[in-house]
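Worksheet: one structure, shown below.
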Amino acid sequence: MKRKRQGTLSKSPLVGGERYDAYVPNALPPAPAMDMTAISACLEKANLAIGELNGVVQNAPDPNIINYMYVRKEAVLSSQIEGTQSTLDDLLRYESGDAIGTPLDDVAEVSSYVAALNHGLKRMEGGFPLSLRLIREIHKILLTNARGKNKTPGEFRTSQNWIGGTRPSTARFVPAPPEKVLELMGDLEKFMHEEDNKIPLLVKTALFHQQFETIHPFLDGNGRTGRLLITLYLCERRFLKSPFLYLSLFFKKHRDLYYEKLNEIRKTGDWEDWIGFFLEGVAETATDAKDTLLKIQRMFAEDDERVKGIGRVRVSVGVVLGEFKQKPMLTIAEITKRTGFSKPTAIRAVNRLMGLGIVKNISEKKWGQVYSYAGYTNLLTPSED
């Protein structure tokens, strides 16, 4: 449905002989009301996919084990949208102390994303609401050791930012003036927590994600923060059984279209078109997550059976395999620390796992070698990478 522009243009003061228009979005929900029949098929498909994903998670032996890797997969993909070059393999090597050959600045940025996401999940598990305060906390951690660390991490901006171009007057898009940011974010926080049975939760999530990106409340890190908030919001509302839904791969595959649709709403107010795109991403991502979780569970079960057939050492080998399930790249030093095994016992167990083809040595250095549960990491590495 086409509507008029979904905001107002605020004329800037004269700066350097130039003026520009900053976009101040209207408060949500959209007016006139959305045509729910236009998105009903997409919504039904997305809800069904989420239901199937939640069913698989509910029946998983320990979803927290697999969540360790899913968080890292999302961190890599969301950071890649912003231009980082590090991969999931780079991140796991970095966390195991084997950063040789990895793009250190990029992988440190991805590591900060992991810390920010985990902080948000932990705070909400403790009963803290997804509020402006928590969003600022998440942003502060996100920009630690990352690009933008000198751009007031954890604070809403007090100066003008813009997207594209060398200055606001030549920019592709200029968000709201800084003096409007706190008011706009307050309205968005209120909308997020309002009980409105007329707006389904997934539709509401699509609305607030677009609004957050339009406000662009921080000087840097808005894209990564906005994508991270999608999962946190659905977890807080108990719509997701566990945080396994991350849309960054879908947005990365359709990057130009993603930005185009975010911007088009501001001009035409066609929220139904954006919501349909968002729901398509939810359905595709949830189905992919469900299929991947089932593959991981089958692989874990098959490898457990292989370990059971190796005789007396199966107990220690099984314990070490359990550690690789929780963290699929480990050194011998890490294994001894995590299991309490002696170094010779840890080495024997790893050698047996390598003999079974479950684990392989991926280190290029002689000391502090790194071993990988490669089958596991391969299942979580997007084919395009």
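Lettering and numbering for the structure tokens are positional, with chains as A, B, ... in the shown order, residues counted from 1 in each chain, and ligands counted from 1 in the shown order.
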Show me a table, sorted first by chain and then by increasing residue number, of the residues of region 24-89 of chain A having an atom at most 9 Å from region 279-282 of chain A, each with its shortest atom pair and the distance in Å to one decimal, counting only C-alpha atoms and written as CSV.
residue,atom,partner,partner_atom,distance
A:Ile39,CA,A:Leu279,CA,8.6
A:Cys42,CA,A:Leu279,CA,6.0
A:Leu43,CA,A:Leu279,CA,6.2
A:Lys45,CA,A:Leu279,CA,8.1
A:Ala46,CA,A:Val282,CA,5.8
A:Asn47,CA,A:Val282,CA,8.6
A:Ala49,CA,A:Val282,CA,7.9
A:Ile50,CA,A:Val282,CA,7.9
Could you save those same residues with C-alpha atoms as an mmCIF file, in the first residue's frame?
data_model
loop_
_atom_site.group_PDB
_atom_site.id
_atom_site.type_symbol
_atom_site.label_atom_id
_atom_site.label_comp_id
_atom_site.auth_asym_id
_atom_site.auth_seq_id
_atom_site.Cartn_x
_atom_site.Cartn_y
_atom_site.Cartn_z
ATOM 1 C CA ILE A 39 1.140 -10.132 3.992
ATOM 2 C CA CYS A 42 4.138 -14.576 4.129
ATOM 3 C CA LEU A 43 3.269 -14.305 7.819
ATOM 4 C CA LYS A 45 4.855 -19.248 6.243
ATOM 5 C CA ALA A 46 7.213 -17.460 8.644
ATOM 6 C CA ASN A 47 5.215 -18.486 11.732
ATOM 7 C CA ALA A 49 8.956 -22.085 10.015
ATOM 8 C CA ILE A 50 9.545 -20.594 13.486
#
Would you give me, as a tab-separated table, each residue of region 22-53 of chain A having an atom within 9 Å of an atom of region 168-175 of chain A, along with its shortest atom pair and that distance in Å to one decimal, using only C-alpha atoms and sorting by chain and residue number?
residue	atom	partner	partner_atom	distance
A:Ala22	CA	A:Val174	CA	4.9
A:Tyr23	CA	A:Pro175	CA	5.1
A:Val24	CA	A:Pro175	CA	6.8
A:Pro25	CA	A:Pro175	CA	8.7
*Residues within 10 Å of Arg136 (chain A), only C-alpha atoms, excluding chain neighbours under 2 positions, as a PyMOL selection string*: chain A and resi 131-134+138-142+153-156+217-218+225
*May I ask which of the residues A:Phe278, A:Phe244, A:Tyr376, A:Phe212 is the closest one to Lys295 (chain A), counting only C-alpha atoms?*
A:Tyr376
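Within the 10 Å cut-off around Asp62 (chain A), using only C-alpha atoms and omitting residues fewer than 5 positions from it on the same chain, the listed residues are Val57, Asn67 and Gln297 of chain A.
Neighbouring residues of Arg352 (chain A) at 9 Å or closer, counting only C-alpha atoms and skipping chain neighbours under 5 positions away, are Val307, Ile310, Val313, Val317, Ile347, Gly357, Ile358 and Val359 of chain A.
The nearest approach to Leu117 (chain A) among the residues A:Pro61, A:Asn161, A:Val71, A:Asn150, with only C-alpha atoms taken into account, belongs to A:Val71.
Put simply, CA of Ile332 (chain A) is 21.2 Å away from CA of Phe300 (chain A).
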*Can you list every residue in region 237-289 of chain A that DSSP puts in alpha helix (DSSP H), as a ChimeraX atom specification?*
/A:248-253,255-268,271-289
Saved selection, atoms kept: N, CA and C atoms, as an mmCIF file, in the first residue's frame:
data_model
loop_
_atom_site.group_PDB
_atom_site.id
_atom_site.type_symbol
_atom_site.label_atom_id
_atom_site.label_comp_id
_atom_site.auth_asym_id
_atom_site.auth_seq_id
_atom_site.Cartn_x
_atom_site.Cartn_y
_atom_site.Cartn_z
ATOM 1 N N SER A 248 21.195 -12.252 9.328
ATOM 2 C CA SER A 248 22.296 -11.602 8.629
ATOM 3 C C SER A 248 22.675 -12.287 7.318
ATOM 4 N N LEU A 249 22.593 -13.623 7.258
ATOM 5 C CA LEU A 249 22.931 -14.299 6.008
ATOM 6 C C LEU A 249 21.936 -13.905 4.913
ATOM 7 N N PHE A 250 20.659 -13.849 5.246
ATOM 8 C CA PHE A 250 19.643 -13.438 4.270
ATOM 9 C C PHE A 250 19.889 -12.002 3.817
ATOM 10 N N PHE A 251 20.162 -11.101 4.744
ATOM 11 C CA PHE A 251 20.425 -9.711 4.386
ATOM 12 C C PHE A 251 21.719 -9.580 3.578
ATOM 13 N N LYS A 252 22.694 -10.431 3.881
ATOM 14 C CA LYS A 252 23.956 -10.385 3.139
ATOM 15 C C LYS A 252 23.750 -10.856 1.704
ATOM 16 N N LYS A 253 22.960 -11.918 1.530
ATOM 17 C CA LYS A 253 22.680 -12.440 0.184
ATOM 18 C C LYS A 253 21.905 -11.433 -0.664
ATOM 19 N N ARG A 255 21.858 -7.954 -0.117
ATOM 20 C CA ARG A 255 22.301 -6.707 0.525
ATOM 21 C C ARG A 255 21.738 -5.454 -0.149
ATOM 22 N N ASP A 256 21.872 -5.358 -1.460
ATOM 23 C CA ASP A 256 21.394 -4.159 -2.158
ATOM 24 C C ASP A 256 19.887 -4.010 -2.010
ATOM 25 N N LEU A 257 19.167 -5.130 -2.132
ATOM 26 C CA LEU A 257 17.711 -5.094 -2.000
ATOM 27 C C LEU A 257 17.304 -4.720 -0.577
ATOM 28 N N TYR A 258 18.036 -5.217 0.396
ATOM 29 C CA TYR A 258 17.788 -4.903 1.809
ATOM 30 C C TYR A 258 17.857 -3.394 2.031
ATOM 31 N N TYR A 259 18.927 -2.770 1.574
ATOM 32 C CA TYR A 259 19.070 -1.321 1.762
ATOM 33 C C TYR A 259 18.036 -0.555 0.944
ATOM 34 N N GLU A 260 17.739 -1.046 -0.245
ATOM 35 C CA GLU A 260 16.750 -0.381 -1.096
ATOM 36 C C GLU A 260 15.371 -0.370 -0.435
ATOM 37 N N LYS A 261 14.971 -1.497 0.132
ATOM 38 C CA LYS A 261 13.646 -1.586 0.742
ATOM 39 C C LYS A 261 13.575 -0.780 2.036
ATOM 40 N N LEU A 262 14.657 -0.752 2.811
ATOM 41 C CA LEU A 262 14.679 0.087 4.005
ATOM 42 C C LEU A 262 14.441 1.550 3.637
ATOM 43 N N ASN A 263 15.061 1.983 2.550
ATOM 44 C CA ASN A 263 14.973 3.379 2.154
ATOM 45 C C ASN A 263 13.645 3.705 1.470
ATOM 46 N N GLU A 264 13.090 2.758 0.740
ATOM 47 C CA GLU A 264 11.881 3.011 -0.038
ATOM 48 C C GLU A 264 10.689 3.357 0.855
ATOM 49 N N ILE A 265 10.624 2.748 2.023
ATOM 50 C CA ILE A 265 9.513 3.016 2.934
ATOM 51 C C ILE A 265 9.451 4.491 3.294
ATOM 52 N N ARG A 266 10.611 5.096 3.482
ATOM 53 C CA ARG A 266 10.657 6.503 3.897
ATOM 54 C C ARG A 266 10.005 7.402 2.859
ATOM 55 N N LYS A 267 10.056 6.986 1.594
ATOM 56 C CA LYS A 267 9.508 7.810 0.513
ATOM 57 C C LYS A 267 8.049 7.479 0.228
ATOM 58 N N THR A 268 7.740 6.183 0.197
ATOM 59 C CA THR A 268 6.412 5.756 -0.282
ATOM 60 C C THR A 268 5.493 5.234 0.815
ATOM 61 N N TRP A 271 4.860 -0.143 3.646
ATOM 62 C CA TRP A 271 5.328 -1.028 4.705
ATOM 63 C C TRP A 271 5.077 -2.487 4.359
ATOM 64 N N GLU A 272 4.004 -2.779 3.636
ATOM 65 C CA GLU A 272 3.672 -4.168 3.310
ATOM 66 C C GLU A 272 4.776 -4.815 2.474
ATOM 67 N N ASP A 273 5.384 -4.047 1.573
ATOM 68 C CA ASP A 273 6.458 -4.576 0.740
ATOM 69 C C ASP A 273 7.680 -4.929 1.596
ATOM 70 N N TRP A 274 8.055 -4.019 2.506
ATOM 71 C CA TRP A 274 9.183 -4.285 3.397
ATOM 72 C C TRP A 274 8.899 -5.478 4.302
ATOM 73 N N ILE A 275 7.697 -5.518 4.873
ATOM 74 C CA ILE A 275 7.358 -6.603 5.795
ATOM 75 C C ILE A 275 7.361 -7.949 5.079
ATOM 76 N N GLY A 276 6.865 -7.985 3.833
ATOM 77 C CA GLY A 276 6.904 -9.224 3.061
ATOM 78 C C GLY A 276 8.327 -9.710 2.858
ATOM 79 N N PHE A 277 9.237 -8.785 2.550
ATOM 80 C CA PHE A 277 10.654 -9.128 2.388
ATOM 81 C C PHE A 277 11.236 -9.653 3.703
ATOM 82 N N PHE A 278 10.951 -8.971 4.789
ATOM 83 C CA PHE A 278 11.450 -9.372 6.104
ATOM 84 C C PHE A 278 10.936 -10.764 6.474
ATOM 85 N N LEU A 279 9.646 -11.011 6.270
ATOM 86 C CA LEU A 279 9.065 -12.309 6.608
ATOM 87 C C LEU A 279 9.626 -13.429 5.733
ATOM 88 N N GLU A 280 9.923 -13.103 4.485
ATOM 89 C CA GLU A 280 10.590 -14.082 3.618
ATOM 90 C C GLU A 280 11.928 -14.483 4.219
ATOM 91 N N GLY A 281 12.650 -13.487 4.739
ATOM 92 C CA GLY A 281 13.929 -13.774 5.395
ATOM 93 C C GLY A 281 13.766 -14.622 6.634
ATOM 94 N N VAL A 282 12.738 -14.347 7.425
ATOM 95 C CA VAL A 282 12.484 -15.135 8.635
ATOM 96 C C VAL A 282 12.199 -16.590 8.269
ATOM 97 N N ALA A 283 11.343 -16.806 7.276
ATOM 98 C CA ALA A 283 10.978 -18.169 6.879
ATOM 99 C C ALA A 283 12.200 -18.924 6.364
ATOM 100 N N GLU A 284 12.969 -18.285 5.493
ATOM 101 C CA GLU A 284 14.148 -18.937 4.914
ATOM 102 C C GLU A 284 15.190 -19.232 5.989
ATOM 103 N N THR A 285 15.418 -18.270 6.868
ATOM 104 C CA THR A 285 16.440 -18.429 7.903
ATOM 105 C C THR A 285 16.040 -19.481 8.928
ATOM 106 N N ALA A 286 14.771 -19.472 9.328
ATOM 107 C CA ALA A 286 14.308 -20.461 10.307
ATOM 108 C C ALA A 286 14.378 -21.878 9.745
ATOM 109 N N THR A 287 14.020 -22.034 8.482
ATOM 110 C CA THR A 287 14.084 -23.360 7.848
ATOM 111 C C THR A 287 15.522 -23.835 7.748
ATOM 112 N N ASP A 288 16.420 -22.929 7.369
ATOM 113 C CA ASP A 288 17.838 -23.284 7.287
ATOM 114 C C ASP A 288 18.383 -23.668 8.662
ATOM 115 N N ALA A 289 18.002 -22.902 9.695
ATOM 116 C CA ALA A 289 18.466 -23.210 11.052
ATOM 117 C C ALA A 289 17.951 -24.568 11.515
#
